[in-house]
>>> print(open('model32.cif').read())   # mmCIF, C-alpha atoms
data_entry
#
loop_
_atom_site.label_atom_id
_atom_site.label_comp_id
_atom_site.auth_asym_id
_atom_site.auth_seq_id
_atom_site.Cartn_x
_atom_site.Cartn_y
_atom_site.Cartn_z
CA MET A 1 1.08 -18.44 7.80
CA LYS A 2 2.59 -21.14 5.64
CA PRO A 3 5.13 -19.86 3.06
CA LEU A 4 3.67 -19.39 -0.42
CA LYS A 5 4.92 -21.65 -3.18
CA ARG A 6 6.87 -19.86 -5.89
CA PRO A 7 4.16 -19.77 -8.63
CA VAL A 8 1.52 -18.57 -6.16
CA ARG A 9 3.87 -15.96 -4.69
CA ARG A 10 4.76 -14.67 -8.14
CA GLY A 11 1.10 -14.49 -9.17
CA ILE A 12 0.17 -12.55 -6.06
CA LEU A 13 3.19 -10.30 -6.51
CA VAL A 14 2.14 -9.46 -10.08
CA ALA A 15 -1.42 -8.80 -8.91
CA HIS A 16 -0.16 -6.62 -6.03
CA VAL A 17 2.08 -4.53 -8.27
CA ALA A 18 -0.68 -4.15 -10.89
CA VAL A 19 -3.28 -3.11 -8.30
CA SER A 20 -0.87 -0.76 -6.54
CA VAL A 21 0.11 0.93 -9.80
CA SER A 22 -3.59 1.17 -10.64
CA TRP A 23 -4.22 2.86 -7.30
CA LEU A 24 -1.48 5.38 -8.03
CA GLY A 25 -2.86 6.02 -11.54
CA LEU A 26 -6.39 6.33 -10.20
CA THR A 27 -5.23 8.92 -7.71
CA VAL A 28 -3.37 10.90 -10.38
CA GLY A 29 -6.60 10.83 -12.42
CA LEU A 30 -8.57 12.09 -9.41
CA LEU A 31 -5.98 14.82 -8.88
CA THR A 32 -6.26 15.91 -12.52
CA LEU A 33 -10.04 16.02 -12.32
CA GLY A 34 -9.91 17.84 -8.97
CA ILE A 35 -7.58 20.50 -10.36
CA THR A 36 -9.81 20.86 -13.42
CA ALA A 37 -12.96 21.22 -11.30
CA PHE A 38 -11.33 23.70 -8.93
CA ALA A 39 -9.47 25.84 -11.47
CA THR A 40 -11.99 26.11 -14.28
CA GLY A 41 -14.31 29.05 -14.56
CA ASP A 42 -16.83 27.00 -16.50
CA PRO A 43 -19.56 25.48 -14.31
CA ALA A 44 -20.28 22.77 -16.90
CA THR A 45 -16.64 21.64 -16.90
CA ALA A 46 -16.50 21.66 -13.08
CA ASP A 47 -19.70 19.62 -12.95
CA ALA A 48 -18.38 17.11 -15.50
CA ALA A 49 -15.10 16.78 -13.57
CA THR A 50 -16.83 16.19 -10.21
CA ARG A 51 -19.23 13.67 -11.78
CA SER A 52 -16.24 11.85 -13.28
CA MET A 53 -14.55 11.88 -9.87
CA LYS A 54 -17.73 10.38 -8.41
CA VAL A 55 -17.59 7.50 -10.89
CA TYR A 56 -13.97 6.83 -9.94
CA GLY A 57 -14.82 7.09 -6.25
CA ASP A 58 -17.93 4.92 -6.42
CA TRP A 59 -16.57 2.13 -8.61
CA LEU A 60 -12.79 2.05 -8.31
CA VAL A 61 -11.35 3.58 -5.15
CA VAL A 62 -12.63 1.06 -2.60
CA PRO A 63 -11.98 -2.18 -4.54
CA VAL A 64 -8.52 -1.07 -5.68
CA ALA A 65 -7.53 0.11 -2.19
CA LEU A 66 -8.76 -3.08 -0.55
CA LEU A 67 -7.08 -5.30 -3.15
CA ALA A 68 -3.76 -3.48 -2.67
CA LEU A 69 -4.04 -3.88 1.10
CA LEU A 70 -5.09 -7.53 0.93
CA SER A 71 -2.49 -8.61 -1.66
CA GLY A 72 0.27 -6.82 0.27
CA LEU A 73 -0.81 -8.47 3.49
CA VAL A 74 -0.83 -11.94 1.88
CA LEU A 75 2.61 -11.33 0.39
CA SER A 76 4.09 -10.11 3.64
CA LEU A 77 2.69 -13.01 5.64
CA GLY A 78 3.50 -15.66 3.03
CA THR A 79 7.11 -14.70 2.31
CA PRO A 80 10.31 -14.35 4.34
CA TRP A 81 9.87 -10.55 4.32
CA GLY A 82 7.19 -10.90 6.98
CA LEU A 83 4.87 -8.15 8.14
CA ALA A 84 6.86 -6.85 11.10
CA ARG A 85 10.41 -7.96 10.31
CA HIS A 86 11.53 -5.07 8.11
CA ARG A 87 10.79 -1.43 8.76
CA TRP A 88 9.95 -0.70 5.12
CA VAL A 89 7.28 -3.46 5.04
CA TRP A 90 5.85 -2.32 8.35
CA THR A 91 5.76 1.31 7.12
CA LYS A 92 4.11 0.26 3.86
CA PHE A 93 1.47 -1.71 5.72
CA TRP A 94 0.51 1.15 8.02
CA LEU A 95 0.53 3.77 5.26
CA THR A 96 -1.62 1.53 3.08
CA LEU A 97 -4.02 0.87 5.94
CA VAL A 98 -4.34 4.58 6.74
CA THR A 99 -4.75 5.65 3.11
CA THR A 100 -7.32 2.91 2.52
CA GLY A 101 -9.31 4.20 5.48
CA LEU A 102 -8.99 7.80 4.35
CA SER A 103 -10.02 6.87 0.81
CA ILE A 104 -13.13 5.10 2.05
CA PHE A 105 -14.19 7.41 4.88
CA SER A 106 -12.95 10.82 3.71
CA LEU A 107 -12.17 11.00 -0.01
CA ARG A 108 -15.31 9.27 -1.28
CA PRO A 109 -17.72 11.27 0.93
CA GLY A 110 -15.96 14.51 -0.10
CA ILE A 111 -16.28 13.65 -3.78
CA ASN A 112 -19.93 12.65 -3.32
CA ALA A 113 -20.72 15.90 -1.50
CA ALA A 114 -19.03 18.00 -4.20
CA ALA A 115 -20.89 16.14 -6.95
CA ALA A 116 -24.25 16.46 -5.15
CA ASP A 117 -23.89 20.10 -4.08
CA GLY A 118 -22.04 21.36 -7.13
CA VAL A 119 -19.61 23.14 -4.80
CA VAL A 120 -15.94 22.54 -5.56
CA ASP A 121 -13.36 23.47 -2.94
CA ILE A 122 -9.64 22.96 -2.53
CA ASP A 123 -10.21 19.65 -0.69
CA LEU A 124 -10.76 17.99 -4.09
CA VAL A 125 -7.17 18.93 -4.92
CA ILE A 126 -5.53 18.42 -1.52
CA ALA A 127 -6.80 14.88 -0.83
CA PRO A 128 -5.61 13.36 -4.14
CA SER A 129 -2.34 15.32 -3.87
CA VAL A 130 -1.57 13.83 -0.46
CA ALA A 131 -2.65 10.38 -1.64
CA THR A 132 -0.44 10.58 -4.75
CA ALA A 133 2.56 11.68 -2.69
CA THR A 134 1.93 8.85 -0.22
CA TYR A 135 1.69 6.21 -2.98
CA LEU A 136 4.87 7.51 -4.60
CA PHE A 137 6.61 7.25 -1.22
CA ILE A 138 5.29 3.69 -0.76
CA THR A 139 6.54 2.82 -4.24
CA ALA A 140 9.98 4.27 -3.47
CA ILE A 141 10.40 2.31 -0.25
CA SER A 142 9.22 -0.85 -2.03
CA VAL A 143 12.05 -0.46 -4.51
CA LEU A 144 14.76 0.86 -2.15
CA LYS A 145 13.91 -1.24 0.93
CA PRO A 146 15.51 1.17 3.44
CA TRP A 147 15.90 1.16 7.22
CA GLY A 148 16.77 -2.47 7.96
CA LEU A 149 15.15 -4.83 10.41
CA THR A 150 12.69 -4.05 13.16
CA ARG A 151 13.45 -5.15 16.72
CA ARG A 152 11.31 -8.25 16.11
CA GLY A 153 13.17 -8.96 12.87
CA ARG A 154 16.53 -8.74 14.62
CA ARG A 155 15.34 -11.16 17.32
CA LEU A 156 14.07 -13.62 14.71
CA ARG A 157 17.31 -13.41 12.73
CA ILE A 158 19.42 -14.01 15.85
CA SER A 159 17.31 -16.97 16.96
CA ALA A 160 17.37 -18.45 13.43
CA SER A 161 21.13 -18.08 13.10
CA SER A 162 21.79 -19.59 16.54
CA ALA A 163 19.55 -22.54 15.74
CA LYS A 164 21.50 -23.17 12.53
CA SER A 165 24.98 -22.91 14.03
CA VAL A 166 26.27 -26.41 13.48
CA ASP A 167 29.87 -27.61 13.68
CA ALA A 168 31.21 -28.34 10.19
CA ARG A 169 32.22 -31.87 11.25
CA SER A 170 29.08 -32.80 13.09
CA PRO A 171 25.37 -32.63 12.20
CA ARG A 172 24.61 -31.82 15.85
CA GLN A 173 24.18 -28.32 17.17
CA THR A 174 27.26 -26.81 18.83
CA ALA A 175 27.30 -25.60 22.40
#
>>> encode(input="model32.cif", output="structure tokens")
Amino acid sequence: MKPLKRPVRRGILVAHVAVSVSWLGLTVGLLTLGITAFATGDPATADAATRSMKVYGDWLVVPVALLALLSGLVLSLGTPWGLARHRWVWTKFWLTLVTTGLSIFSLRPGINAAAADGVVDIDLVIAPSVATATYLFITAISVLKPWGLTRRGRRLRISASSAKSVDARSPRQTA
């Protein structure tokens, strides 16, 4: 993919951070509602909490997850970070892909079943807890950028540095 120009890259970066933070906040909201539904002794409160979770799940989870995945993919492919050059980017990609899939194919159906049946179990607490922990981990590695280059990244760096090795007195490549 062609490198993104600076204004485009910055715009996508802002959108990616905003969507990713929204996904984290959405999951914390789902966790709060799940704990409320599971822990309360009041059936009306549990019903209201599961119906609220259903609104989040039906209207927000899928678009926010897909936007986070898509904006991250565009950023990784359109910047020098690359998708498979750095271990932290590669880890973020796979965790985001897996959590997007789990949100769509596991979390939403679980919320819909709880809202339809009126039966609240611990799964409404566990799923958002795991998701929140995962998004916090993804946020941490985005800031800290640990682990260095992947094998592919090392190869690309070596080939780029050898292609640029030019004698200081000559514009030609050295032997």
>>> closest_residue(input="model32.cif", among="A:Leu95, A:Val130, A:Ile158, A:Met53", to="Ala113 of chain A", atoms="only C-alpha atoms")
A:Met53
>>> residues_around(input="model32.cif", residues="segment 2-14 of chain A", least_positions_apart="2", cutoff="6 Å", atoms="only C-alpha atoms", output="VMD selection string")
chain A and resid 16 to 17 78 to 79
>>> residues_around(input="model32.cif", residues="Phe38 of chain A", least_positions_apart="5", cutoff="9 Å", atoms="all atoms listed in the file", output="PyMOL selection string")
chain A and resi 33+46+120-122+124-125
>>> closest_residue(input="model32.cif", among="A:Trp147, A:Phe105, A:Trp90, A:Tyr135", to="Gly57 of chain A", atoms="all atoms listed in the file")
A:Phe105
>>> residues_around(input="model32.cif", residues="Tyr56 of chain A", least_positions_apart="5", cutoff="9 Å", atoms="only C-alpha atoms", output="list in words")
Leu26, Gly29, Leu30, Arg51 and Val61 of chain A
>>> write_last_selection(input="model32.cif", atoms="C-alpha atoms", output="PDB file, in the coordinates of the input")
ATOM      1  CA  LEU A  26      -6.390   6.330 -10.200  1.00  0.00           C
ATOM      2  CA  GLY A  29      -6.600  10.830 -12.420  1.00  0.00           C
ATOM      3  CA  LEU A  30      -8.570  12.090  -9.410  1.00  0.00           C
ATOM      4  CA  ARG A  51     -19.230  13.670 -11.780  1.00  0.00           C
ATOM      5  CA  VAL A  61     -11.350   3.580  -5.150  1.00  0.00           C
TER       6      VAL A  61
END
>>> atom_distance(input="model32.cif", atom1="atom CA of Ala115 of chain A", atom2="atom CA of Val55 of chain A")
10.1 Å
